[in-house]
file data10.cif (mmCIF, C-alpha atoms)
data_final
#
loop_
_atom_site.group_PDB
_atom_site.id
_atom_site.type_symbol
_atom_site.label_atom_id
_atom_site.label_comp_id
_atom_site.auth_asym_id
_atom_site.auth_seq_id
_atom_site.Cartn_x
_atom_site.Cartn_y
_atom_site.Cartn_z
ATOM 1 C CA MET J 163 14.532 17.980 -11.544
ATOM 2 C CA GLY J 164 11.883 16.579 -9.226
ATOM 3 C CA VAL J 165 11.473 16.389 -5.454
ATOM 4 C CA THR J 166 11.984 13.295 -3.285
ATOM 5 C CA VAL J 167 10.630 12.966 0.247
ATOM 6 C CA ASP J 168 11.729 10.148 2.573
ATOM 7 C CA VAL J 169 9.910 9.181 5.763
ATOM 8 C CA HIS J 170 10.859 6.674 8.455
ATOM 9 C CA GLN J 171 8.827 5.920 11.570
ATOM 10 C CA VAL J 172 8.629 3.153 14.162
ATOM 11 C CA TYR J 173 5.225 2.536 15.715
ATOM 12 C CA LYS J 174 5.485 0.806 19.086
ATOM 13 C CA TYR J 175 2.537 -1.435 18.260
ATOM 14 C CA PRO J 176 2.336 -4.899 16.664
ATOM 15 C CA PHE J 177 2.193 -5.149 12.884
ATOM 16 C CA GLU J 178 -1.433 -6.377 12.783
ATOM 17 C CA GLN J 179 -2.705 -3.415 14.809
ATOM 18 C CA VAL J 180 -0.769 -0.896 12.727
ATOM 19 C CA VAL J 181 -2.057 -2.279 9.417
ATOM 20 C CA ALA J 182 -5.650 -2.345 10.700
ATOM 21 C CA SER J 183 -5.366 1.314 11.738
ATOM 22 C CA PHE J 184 -3.811 2.275 8.402
ATOM 23 C CA LEU J 185 -6.645 0.703 6.419
ATOM 24 C CA ARG J 186 -9.261 2.727 8.308
ATOM 25 C CA LYS J 187 -7.220 5.915 8.681
ATOM 26 C CA TYR J 188 -9.280 7.955 6.219
ATOM 27 C CA PRO J 189 -11.592 9.808 6.072
ATOM 28 C CA ASN J 190 -10.550 11.506 9.289
ATOM 29 C CA PRO J 191 -11.516 14.890 10.789
ATOM 30 C CA MET J 192 -7.823 15.565 11.451
ATOM 31 C CA ASP J 193 -7.192 15.714 7.697
ATOM 32 C CA LYS J 194 -10.033 17.317 5.772
ATOM 33 C CA ASN J 195 -8.033 17.214 2.534
ATOM 34 C CA VAL J 196 -8.957 13.532 2.112
ATOM 35 C CA ILE J 197 -12.623 13.482 1.136
ATOM 36 C CA SER J 198 -13.189 9.763 0.628
ATOM 37 C CA VAL J 199 -11.426 6.428 0.180
ATOM 38 C CA ARG J 200 -13.090 3.426 -1.420
ATOM 39 C CA THR J 201 -11.866 -0.087 -2.112
ATOM 40 C CA VAL J 202 -12.385 -1.018 -5.763
ATOM 41 C CA GLU J 203 -10.670 -4.422 -5.701
ATOM 42 C CA GLU J 204 -9.672 -6.935 -3.049
ATOM 43 C CA ARG J 205 -8.483 -10.495 -3.535
ATOM 44 C CA ARG J 206 -6.113 -13.175 -2.331
ATOM 45 C CA GLU J 207 -3.298 -13.590 -4.793
ATOM 46 C CA SER J 208 -2.563 -17.016 -6.222
ATOM 47 C CA PHE J 209 -0.346 -18.767 -8.739
ATOM 48 C CA SER J 210 -1.153 -21.580 -11.107
ATOM 49 C CA LEU J 211 0.405 -25.050 -11.201
ATOM 50 C CA SER J 212 0.148 -27.240 -14.261
ATOM 51 C CA VAL J 213 -0.187 -31.036 -14.119
ATOM 52 C CA PHE J 214 3.452 -31.260 -15.209
ATOM 53 C CA GLU J 215 4.578 -29.108 -12.268
ATOM 54 C CA LEU J 216 2.447 -31.109 -9.843
ATOM 55 C CA GLU J 217 3.934 -34.344 -11.160
ATOM 56 C CA ASN J 218 7.432 -32.987 -10.575
ATOM 57 C CA TRP J 219 6.475 -32.108 -7.014
ATOM 58 C CA ALA J 220 4.899 -35.513 -6.444
ATOM 59 C CA MET J 221 8.049 -37.286 -7.657
ATOM 60 C CA GLN J 222 9.897 -35.747 -4.709
ATOM 61 C CA GLY J 223 8.084 -38.102 -2.348
ATOM 62 C CA PRO J 224 4.997 -38.547 -0.165
ATOM 63 C CA VAL J 225 5.733 -35.427 1.878
ATOM 64 C CA MET J 226 5.471 -33.183 -1.181
ATOM 65 C CA MET J 227 2.378 -35.057 -2.357
ATOM 66 C CA ASN J 228 0.760 -34.376 0.983
ATOM 67 C CA ILE J 229 1.577 -30.669 0.631
ATOM 68 C CA ILE J 230 -0.050 -30.670 -2.807
ATOM 69 C CA SER J 231 -3.197 -32.273 -1.425
ATOM 70 C CA VAL J 232 -3.417 -29.706 1.380
ATOM 71 C CA LEU J 233 -2.879 -26.761 -0.977
ATOM 72 C CA THR J 234 -5.260 -27.888 -3.693
ATOM 73 C CA PHE J 235 -7.832 -30.128 -2.084
ATOM 74 C CA GLY J 236 -7.976 -29.026 1.553
ATOM 75 C CA GLY J 237 -6.096 -32.090 2.765
ATOM 76 C CA THR J 238 -7.974 -34.769 0.818
ATOM 77 C CA GLN J 239 -5.517 -37.279 -0.607
ATOM 78 C CA THR J 240 -5.710 -37.690 -4.366
ATOM 79 C CA THR J 241 -3.574 -38.792 -7.274
ATOM 80 C CA VAL J 242 -1.987 -36.627 -9.915
ATOM 81 C CA GLU J 243 -4.311 -38.163 -12.513
ATOM 82 C CA HIS J 244 -7.275 -36.537 -10.735
ATOM 83 C CA VAL J 245 -5.709 -33.079 -10.523
ATOM 84 C CA PRO J 246 -7.264 -30.464 -12.875
ATOM 85 C CA GLU J 247 -5.151 -29.368 -15.838
ATOM 86 C CA GLU J 248 -4.352 -26.135 -14.011
ATOM 87 C CA THR J 249 -4.590 -25.621 -10.259
ATOM 88 C CA TYR J 250 -4.500 -22.253 -8.506
ATOM 89 C CA VAL J 251 -2.687 -22.090 -5.180
ATOM 90 C CA SER J 252 -3.132 -19.153 -2.814
ATOM 91 C CA THR J 253 0.007 -17.275 -1.802
ATOM 92 C CA GLY J 254 -1.698 -15.885 1.294
ATOM 93 C CA VAL J 255 -1.017 -12.331 0.087
ATOM 94 C CA ILE J 256 -4.033 -9.992 0.168
ATOM 95 C CA TYR J 257 -4.128 -7.486 -2.680
ATOM 96 C CA ARG J 258 -6.173 -4.281 -2.421
ATOM 97 C CA LYS J 259 -6.751 -1.387 -4.758
ATOM 98 C CA ARG J 260 -8.252 1.807 -3.358
ATOM 99 C CA ILE J 261 -9.170 5.167 -4.861
ATOM 100 C CA ALA J 262 -8.889 8.317 -2.759
ATOM 101 C CA ILE J 263 -10.580 11.604 -3.579
ATOM 102 C CA CYS J 264 -8.689 14.600 -2.187
ATOM 103 C CA ARG J 265 -9.220 18.351 -2.228
ATOM 104 C CA ASN J 266 -7.197 20.331 -4.710
ATOM 105 C CA VAL J 267 -4.766 22.109 -2.390
ATOM 106 C CA VAL J 268 -2.987 24.115 -5.089
ATOM 107 C CA PRO J 269 -3.147 27.816 -4.076
ATOM 108 C CA GLU J 270 -5.743 29.909 -5.889
ATOM 109 C CA ILE J 271 -3.080 32.164 -7.375
ATOM 110 C CA LEU J 272 -1.599 29.170 -9.210
ATOM 111 C CA ARG J 273 -4.980 27.877 -10.378
ATOM 112 C CA LYS J 274 -5.011 30.559 -13.049
ATOM 113 C CA VAL J 275 -3.222 27.930 -15.105
ATOM 114 C CA SER J 276 -6.066 26.042 -16.805
ATOM 115 C CA MET J 277 -4.727 22.558 -16.079
ATOM 116 C CA LEU J 278 -4.805 23.238 -12.335
ATOM 117 C CA LYS J 279 -8.483 24.261 -12.278
ATOM 118 C CA VAL J 280 -9.929 21.028 -10.933
ATOM 119 C CA PRO J 281 -11.951 20.727 -7.697
ATOM 120 C CA ASP J 282 -10.623 17.334 -6.637
ATOM 121 C CA ILE J 283 -7.612 15.076 -7.128
ATOM 122 C CA GLN J 284 -7.779 11.299 -7.492
ATOM 123 C CA LEU J 285 -5.123 8.974 -6.114
ATOM 124 C CA GLU J 286 -4.814 5.235 -6.715
ATOM 125 C CA GLU J 287 -3.301 3.027 -4.017
ATOM 126 C CA GLU J 288 -2.328 -0.621 -4.396
ATOM 127 C CA SER J 289 -1.226 -2.730 -1.459
ATOM 128 C CA TRP J 290 0.068 -6.269 -0.913
ATOM 129 C CA LEU J 291 -0.416 -7.560 2.625
ATOM 130 C CA ASN J 292 1.503 -10.673 3.643
ATOM 131 C CA PRO J 293 0.174 -11.658 7.104
ATOM 132 C CA GLN J 294 2.548 -14.601 7.420
ATOM 133 C CA GLU J 295 5.714 -12.595 6.801
ATOM 134 C CA ARG J 296 4.203 -9.568 8.559
ATOM 135 C CA ASN J 297 4.790 -6.948 5.896
ATOM 136 C CA MET J 298 2.683 -4.798 3.610
ATOM 137 C CA VAL J 299 3.943 -3.021 0.494
ATOM 138 C CA ILE J 300 2.015 0.004 -0.769
ATOM 139 C CA ARG J 301 2.329 1.848 -4.060
ATOM 140 C CA SER J 302 0.280 4.918 -4.880
ATOM 141 C CA HIS J 303 0.189 7.453 -7.657
ATOM 142 C CA CYS J 304 -1.861 10.411 -8.776
ATOM 143 C CA LEU J 305 -4.500 9.837 -11.462
ATOM 144 C CA THR J 306 -4.977 13.570 -12.041
ATOM 145 C CA TRP J 307 -2.586 15.671 -14.154
ATOM 146 C CA THR J 308 -0.814 12.590 -15.503
ATOM 147 C CA GLN J 309 0.042 14.495 -18.710
ATOM 148 C CA TYR J 310 1.866 17.159 -16.737
ATOM 149 C CA ALA J 311 3.163 15.555 -13.565
ATOM 150 C CA SER J 312 4.292 12.287 -11.996
ATOM 151 C CA MET J 313 3.491 11.865 -8.314
ATOM 152 C CA LYS J 314 4.277 8.479 -6.777
ATOM 153 C CA GLU J 315 4.795 6.988 -3.332
ATOM 154 C CA GLU J 316 6.212 3.634 -2.284
ATOM 155 C CA SER J 317 5.788 2.526 1.317
ATOM 156 C CA VAL J 318 6.273 -0.539 3.460
ATOM 157 C CA PHE J 319 5.051 -1.595 6.880
ATOM 158 C CA ARG J 320 7.081 -4.423 8.382
ATOM 159 C CA GLU J 321 7.889 -6.046 11.678
ATOM 160 C CA SER J 322 10.637 -4.078 13.374
ATOM 161 C CA MET J 323 14.007 -5.804 13.584
ATOM 162 C CA GLU J 324 14.524 -4.028 16.888
ATOM 163 C CA ASN J 325 11.397 -5.448 18.499
ATOM 164 C CA PRO J 326 8.852 -7.909 16.993
ATOM 165 C CA ASN J 327 6.052 -6.074 18.831
ATOM 166 C CA TRP J 328 6.872 -2.847 16.986
ATOM 167 C CA THR J 329 6.267 -1.916 13.342
ATOM 168 C CA GLU J 330 8.611 -0.038 11.033
ATOM 169 C CA PHE J 331 7.222 2.302 8.384
ATOM 170 C CA ILE J 332 9.336 3.448 5.438
ATOM 171 C CA GLN J 333 8.070 5.713 2.673
ATOM 172 C CA ARG J 334 9.560 7.453 -0.337
ATOM 173 C CA GLY J 335 7.588 9.972 -2.366
ATOM 174 C CA ARG J 336 8.663 11.415 -5.700
ATOM 175 C CA ILE J 337 7.166 14.369 -7.552
ATOM 176 C CA LEU J 338 8.198 15.460 -11.043
ATOM 177 C CA ILE J 339 6.365 18.226 -12.905
ATOM 178 C CA THR J 340 7.145 18.778 -16.571
ATOM 179 C CA GLY J 341 4.101 20.336 -18.228
ATOM 180 C CA ALA J 342 3.686 23.683 -16.458
ATOM 181 C CA GLY J 343 6.455 25.657 -18.137
ATOM 182 C CA PHE J 344 8.070 28.275 -15.889
ATOM 183 C CA LEU J 345 5.846 27.103 -13.015
ATOM 184 C CA ASN J 346 7.467 23.647 -12.875
ATOM 185 C CA CYS J 347 9.925 24.517 -10.097
ATOM 186 C CA ILE J 348 7.367 26.537 -8.120
ATOM 187 C CA LEU J 349 4.837 23.705 -8.204
ATOM 188 C CA GLU J 350 7.463 21.097 -7.319
ATOM 189 C CA THR J 351 8.553 23.138 -4.299
ATOM 190 C CA PHE J 352 4.950 23.546 -3.155
ATOM 191 C CA ALA J 353 4.175 19.857 -3.745
ATOM 192 C CA GLY J 354 7.303 18.751 -1.869
ATOM 193 C CA THR J 355 6.406 20.893 1.148
ATOM 194 C CA PHE J 356 2.838 19.617 1.107
ATOM 195 C CA LEU J 357 4.042 16.007 0.821
ATOM 196 C CA ARG J 358 6.349 16.394 3.845
ATOM 197 C CA GLN J 359 3.617 18.022 5.918
ATOM 198 C CA GLY J 360 1.109 15.382 4.806
ATOM 199 C CA ALA J 361 3.458 12.552 5.801
ATOM 200 C CA GLN J 362 3.933 13.990 9.297
ATOM 201 C CA LYS J 363 0.194 14.560 9.647
ATOM 202 C CA GLY J 364 -0.420 10.972 8.567
ATOM 203 C CA ILE J 365 1.958 9.726 11.276
ATOM 204 C CA ARG J 366 0.165 11.794 13.931
ATOM 205 C CA ILE J 367 -3.199 10.413 12.820
ATOM 206 C CA MET J 368 -1.867 6.859 12.951
ATOM 207 C CA GLU J 369 -0.482 7.364 16.460
ATOM 208 C CA MET J 370 -3.793 8.846 17.617
ATOM 209 C CA LEU J 371 -5.809 5.963 16.141
ATOM 210 C CA LEU J 372 -3.487 3.358 17.616
ATOM 211 C CA LYS J 373 -3.677 4.917 21.067
ATOM 212 C CA GLU J 374 -7.476 5.184 20.892
ATOM 213 C CA GLN J 375 -8.007 1.653 19.629
ATOM 214 C CA CYS J 376 -5.124 -0.262 21.225
ATOM 215 C CA GLY J 377 -4.119 1.691 24.294
ATOM 216 C CA ALA J 378 -0.653 2.867 25.269
ATOM 217 C CA PRO J 379 2.272 1.830 23.021
ATOM 218 C CA SER J 380 4.390 -1.172 23.888
ATOM 219 C CA ALA J 381 7.575 -0.292 25.729
ATOM 220 C CA GLU J 382 9.170 -3.668 24.984
#
call {"tool": "encode", "arguments": {"input": "data10.cif", "output": "structure tokens"}}
result
Amino acid sequence: MGVTVDVHQVYKYPFEQVVASFLRKYPNPMDKNVISVRTVEERRESFSLSVFELENWAMQGPVMMNIISVLTFGGTQTTVEHVPEETYVSTGVIYRKRIAICRNVVPEILRKVSMLKVPDIQLEEESWLNPQERNMVIRSHCLTWTQYASMKEESVFRESMENPNWTEFIQRGRILITGAGFLNCILETFAGTFLRQGAQKGIRIMEMLLKEQCGAPSAE
């Protein structure tokens, strides 16, 4: 059947401050279940343009040709004939992949099931930060127990429509356990409760970090 947990929060701080606090949220003494978080990949995303595509852009006039020169050659004017066969143009989006190591919080009584006897749990988090549009999309999933369970979260930080100096946070978590037999429902209930409590704890940690690092929240 599965369990879904939805979270919505508005932080009364600008987007840039909220994202910076999120990226350094863990490890944190307020949540000892998260042992470590390490970044395994970070890059600026880009897309490729062929000579044919650049020619089509250039045919639209000198304005487009100037845009091409800025994107590909830092503003130096050039001709299409001197453009490489394939040119990569940055989208401005920053991609990160992080791995978190967390304590196994499954109660000891349930760890009698062999598949649950692991000391730690690994989570993979991918994020796409768009500074220009002021939003960051996050997708995370559990790397442990993948044969028996699916645990995923999708989140977004974005500029609040109510106030551009505030940041809206929306998260949906989904847990589905299929490989534990009669324990499926019990484990799903436990995991759902833990996910809800973890989300609220995460919000409290964020608010504490923001207040420590940025001062009182913005009232307007």
call {"tool": "residues_near_point", "arguments": {"input": "data10.cif", "point": "(-6.8, -10.1, 5.0)", "cutoff": "8 Å", "atoms": "only C-alpha atoms", "output": "PyMOL selection string"}}
result
chain J and resi 206+255-256+291+293
call {"tool": "atom_distance", "arguments": {"input": "data10.cif", "atom1": "atom CA of Glu286 of chain J", "atom2": "atom CA of Glu369 of chain J"}}
result
23.7 Å
call {"tool": "atom_distance", "arguments": {"input": "data10.cif", "atom1": "atom CA of Pro189 of chain J", "atom2": "atom CA of Ser302 of chain J"}}
result
16.9 Å
call {"tool": "residues_around", "arguments": {"input": "data10.cif", "residues": "Arg301 of chain J", "least_positions_apart": "5", "cutoff": "8 Å", "atoms": "all atoms listed in the file", "output": "number ranges by chain"}}
result
J: 287-289, 314-317
call {"tool": "write_last_selection", "arguments": {"input": "data10.cif", "atoms": "C-alpha atoms", "output": "compact mmCIF listing (two decimals), in the frame of the given file"}}
result
# COMPACT_ATOMS: atom_id res chain seq x y z
CA GLU J 287 -3.30 3.03 -4.02
CA GLU J 288 -2.33 -0.62 -4.40
CA SER J 289 -1.23 -2.73 -1.46
CA LYS J 314 4.28 8.48 -6.78
CA GLU J 315 4.80 6.99 -3.33
CA GLU J 316 6.21 3.63 -2.28
CA SER J 317 5.79 2.53 1.32
call {"tool": "resolve_selection", "arguments": {"input": "data10.cif", "expression": "the PyMOL selection byres ((chain J and resi 186) around 12)", "output": "list in words"}}
result
Gln179, Val180, Val181, Ala182, Ser183, Phe184, Leu185, Lys187, Tyr188, Pro189, Asn190, Ser198, Val199, Arg200, Thr201, Arg260, Ile367, Met368, Leu371, Leu372 and Gln375 of chain J
call {"tool": "residues_around", "arguments": {"input": "data10.cif", "residues": "Gly341 of chain J", "least_positions_apart": "6", "cutoff": "12 Å", "atoms": "only C-alpha atoms", "output": "list in words"}}
result
Val275, Ser276, Met277, Leu278, Trp307, Thr308, Gln309, Tyr310, Ala311, Ser312, Cys347, Leu349 and Glu350 of chain J
call {"tool": "residues_near_point", "arguments": {"input": "data10.cif", "point": "(7.8, 4.4, 3.5)", "cutoff": "9 Å", "atoms": "only C-alpha atoms", "output": "PDB file with C-alpha atoms, in the frame of the given file"}}
result
ATOM      1  CA  ASP J 168      11.729  10.148   2.573  1.00  0.00           C
ATOM      2  CA  VAL J 169       9.910   9.181   5.763  1.00  0.00           C
ATOM      3  CA  HIS J 170      10.859   6.674   8.455  1.00  0.00           C
ATOM      4  CA  GLN J 171       8.827   5.920  11.570  1.00  0.00           C
ATOM      5  CA  VAL J 299       3.943  -3.021   0.494  1.00  0.00           C
ATOM      6  CA  ILE J 300       2.015   0.004  -0.769  1.00  0.00           C
ATOM      7  CA  GLU J 315       4.795   6.988  -3.332  1.00  0.00           C
ATOM      8  CA  GLU J 316       6.212   3.634  -2.284  1.00  0.00           C
ATOM      9  CA  SER J 317       5.788   2.526   1.317  1.00  0.00           C
ATOM     10  CA  VAL J 318       6.273  -0.539   3.460  1.00  0.00           C
ATOM     11  CA  PHE J 319       5.051  -1.595   6.880  1.00  0.00           C
ATOM     12  CA  GLU J 330       8.611  -0.038  11.033  1.00  0.00           C
ATOM     13  CA  PHE J 331       7.222   2.302   8.384  1.00  0.00           C
ATOM     14  CA  ILE J 332       9.336   3.448   5.438  1.00  0.00           C
ATOM     15  CA  GLN J 333       8.070   5.713   2.673  1.00  0.00           C
ATOM     16  CA  ARG J 334       9.560   7.453  -0.337  1.00  0.00           C
ATOM     17  CA  GLY J 335       7.588   9.972  -2.366  1.00  0.00           C
TER      18      GLY J 335
END
call {"tool": "atom_distance", "arguments": {"input": "data10.cif", "atom1": "atom CA of Gly164 of chain J", "atom2": "atom CA of Arg336 of chain J"}}
result
7.0 Å
call {"tool": "resolve_selection", "arguments": {"input": "data10.cif", "expression": "the PyMOL selection byres ((chain J and resi 322) around 12)", "output": "list in words"}}
result
His170, Gln171, Val172, Tyr173, Lys174, Tyr175, Pro176, Phe177, Val180, Glu295, Arg296, Asn297, Val318, Phe319, Arg320, Glu321, Met323, Glu324, Asn325, Pro326, Asn327, Trp328, Thr329, Glu330, Phe331, Ile332 and Glu382 of chain J
call {"tool": "write_last_selection", "arguments": {"input": "data10.cif", "atoms": "C-alpha atoms", "output": "short mmCIF file (atom, residue, chain, number, x, y, z; two decimals), in the frame of the given file"}}
result
data_model
loop_
_atom_site.label_atom_id
_atom_site.label_comp_id
_atom_site.auth_asym_id
_atom_site.auth_seq_id
_atom_site.Cartn_x
_atom_site.Cartn_y
_atom_site.Cartn_z
CA HIS J 170 10.86 6.67 8.46
CA GLN J 171 8.83 5.92 11.57
CA VAL J 172 8.63 3.15 14.16
CA TYR J 173 5.22 2.54 15.72
CA LYS J 174 5.48 0.81 19.09
CA TYR J 175 2.54 -1.44 18.26
CA PRO J 176 2.34 -4.90 16.66
CA PHE J 177 2.19 -5.15 12.88
CA VAL J 180 -0.77 -0.90 12.73
CA GLU J 295 5.71 -12.60 6.80
CA ARG J 296 4.20 -9.57 8.56
CA ASN J 297 4.79 -6.95 5.90
CA VAL J 318 6.27 -0.54 3.46
CA PHE J 319 5.05 -1.60 6.88
CA ARG J 320 7.08 -4.42 8.38
CA GLU J 321 7.89 -6.05 11.68
CA MET J 323 14.01 -5.80 13.58
CA GLU J 324 14.52 -4.03 16.89
CA ASN J 325 11.40 -5.45 18.50
CA PRO J 326 8.85 -7.91 16.99
CA ASN J 327 6.05 -6.07 18.83
CA TRP J 328 6.87 -2.85 16.99
CA THR J 329 6.27 -1.92 13.34
CA GLU J 330 8.61 -0.04 11.03
CA PHE J 331 7.22 2.30 8.38
CA ILE J 332 9.34 3.45 5.44
CA GLU J 382 9.17 -3.67 24.98
#
call {"tool": "resolve_selection", "arguments": {"input": "data10.cif", "expression": "the PyMOL selection byres ((chain J and resi 363) around 12)", "output": "list in words"}}
result
Val169, Lys187, Asn190, Pro191, Met192, Asp193, Lys194, Asn195, Val196, Phe356, Leu357, Arg358, Gln359, Gly360, Ala361, Gln362, Gly364, Ile365, Arg366, Ile367, Met368, Glu369 and Met370 of chain J
call {"tool": "write_last_selection", "arguments": {"input": "data10.cif", "atoms": "C-alpha atoms", "output": "CSV table (one decimal), in the frame of the given file"}}
result
chain,number,residue,atom,x,y,z
J,169,VAL,CA,9.9,9.2,5.8
J,187,LYS,CA,-7.2,5.9,8.7
J,190,ASN,CA,-10.6,11.5,9.3
J,191,PRO,CA,-11.5,14.9,10.8
J,192,MET,CA,-7.8,15.6,11.5
J,193,ASP,CA,-7.2,15.7,7.7
J,194,LYS,CA,-10.0,17.3,5.8
J,195,ASN,CA,-8.0,17.2,2.5
J,196,VAL,CA,-9.0,13.5,2.1
J,356,PHE,CA,2.8,19.6,1.1
J,357,LEU,CA,4.0,16.0,0.8
J,358,ARG,CA,6.3,16.4,3.8
J,359,GLN,CA,3.6,18.0,5.9
J,360,GLY,CA,1.1,15.4,4.8
J,361,ALA,CA,3.5,12.6,5.8
J,362,GLN,CA,3.9,14.0,9.3
J,364,GLY,CA,-0.4,11.0,8.6
J,365,ILE,CA,2.0,9.7,11.3
J,366,ARG,CA,0.2,11.8,13.9
J,367,ILE,CA,-3.2,10.4,12.8
J,368,MET,CA,-1.9,6.9,13.0
J,369,GLU,CA,-0.5,7.4,16.5
J,370,MET,CA,-3.8,8.8,17.6
call {"tool": "closest_residue", "arguments": {"input": "data10.cif", "among": "J:Cys264, J:Ile283, J:Ile197, J:Val165", "to": "Phe352 of chain J", "atoms": "all atoms listed in the file"}}
result
J:Val165
call {"tool": "residues_around", "arguments": {"input": "data10.cif", "residues": "Glu204 of chain J", "least_positions_apart": "6", "cutoff": "7 Å", "atoms": "only C-alpha atoms", "output": "list in words"}}
result
Tyr257, Arg258 and Lys259 of chain J
call {"tool": "closest_residue", "arguments": {"input": "data10.cif", "among": "J:Gln294, J:Gly254, J:His303, J:Pro281", "to": "Pro269 of chain J", "atoms": "all atoms listed in the file"}}
result
J:Pro281
call {"tool": "closest_residue", "arguments": {"input": "data10.cif", "among": "J:Gln284, J:Thr166, J:Leu345, J:Met313", "to": "Ile271 of chain J", "atoms": "only C-alpha atoms"}}
result
J:Leu345
call {"tool": "closest_residue", "arguments": {"input": "data10.cif", "among": "J:Thr351, J:Ser380, J:Thr253, J:Asn266", "to": "Ile339 of chain J", "atoms": "all atoms listed in the file"}}
result
J:Thr351
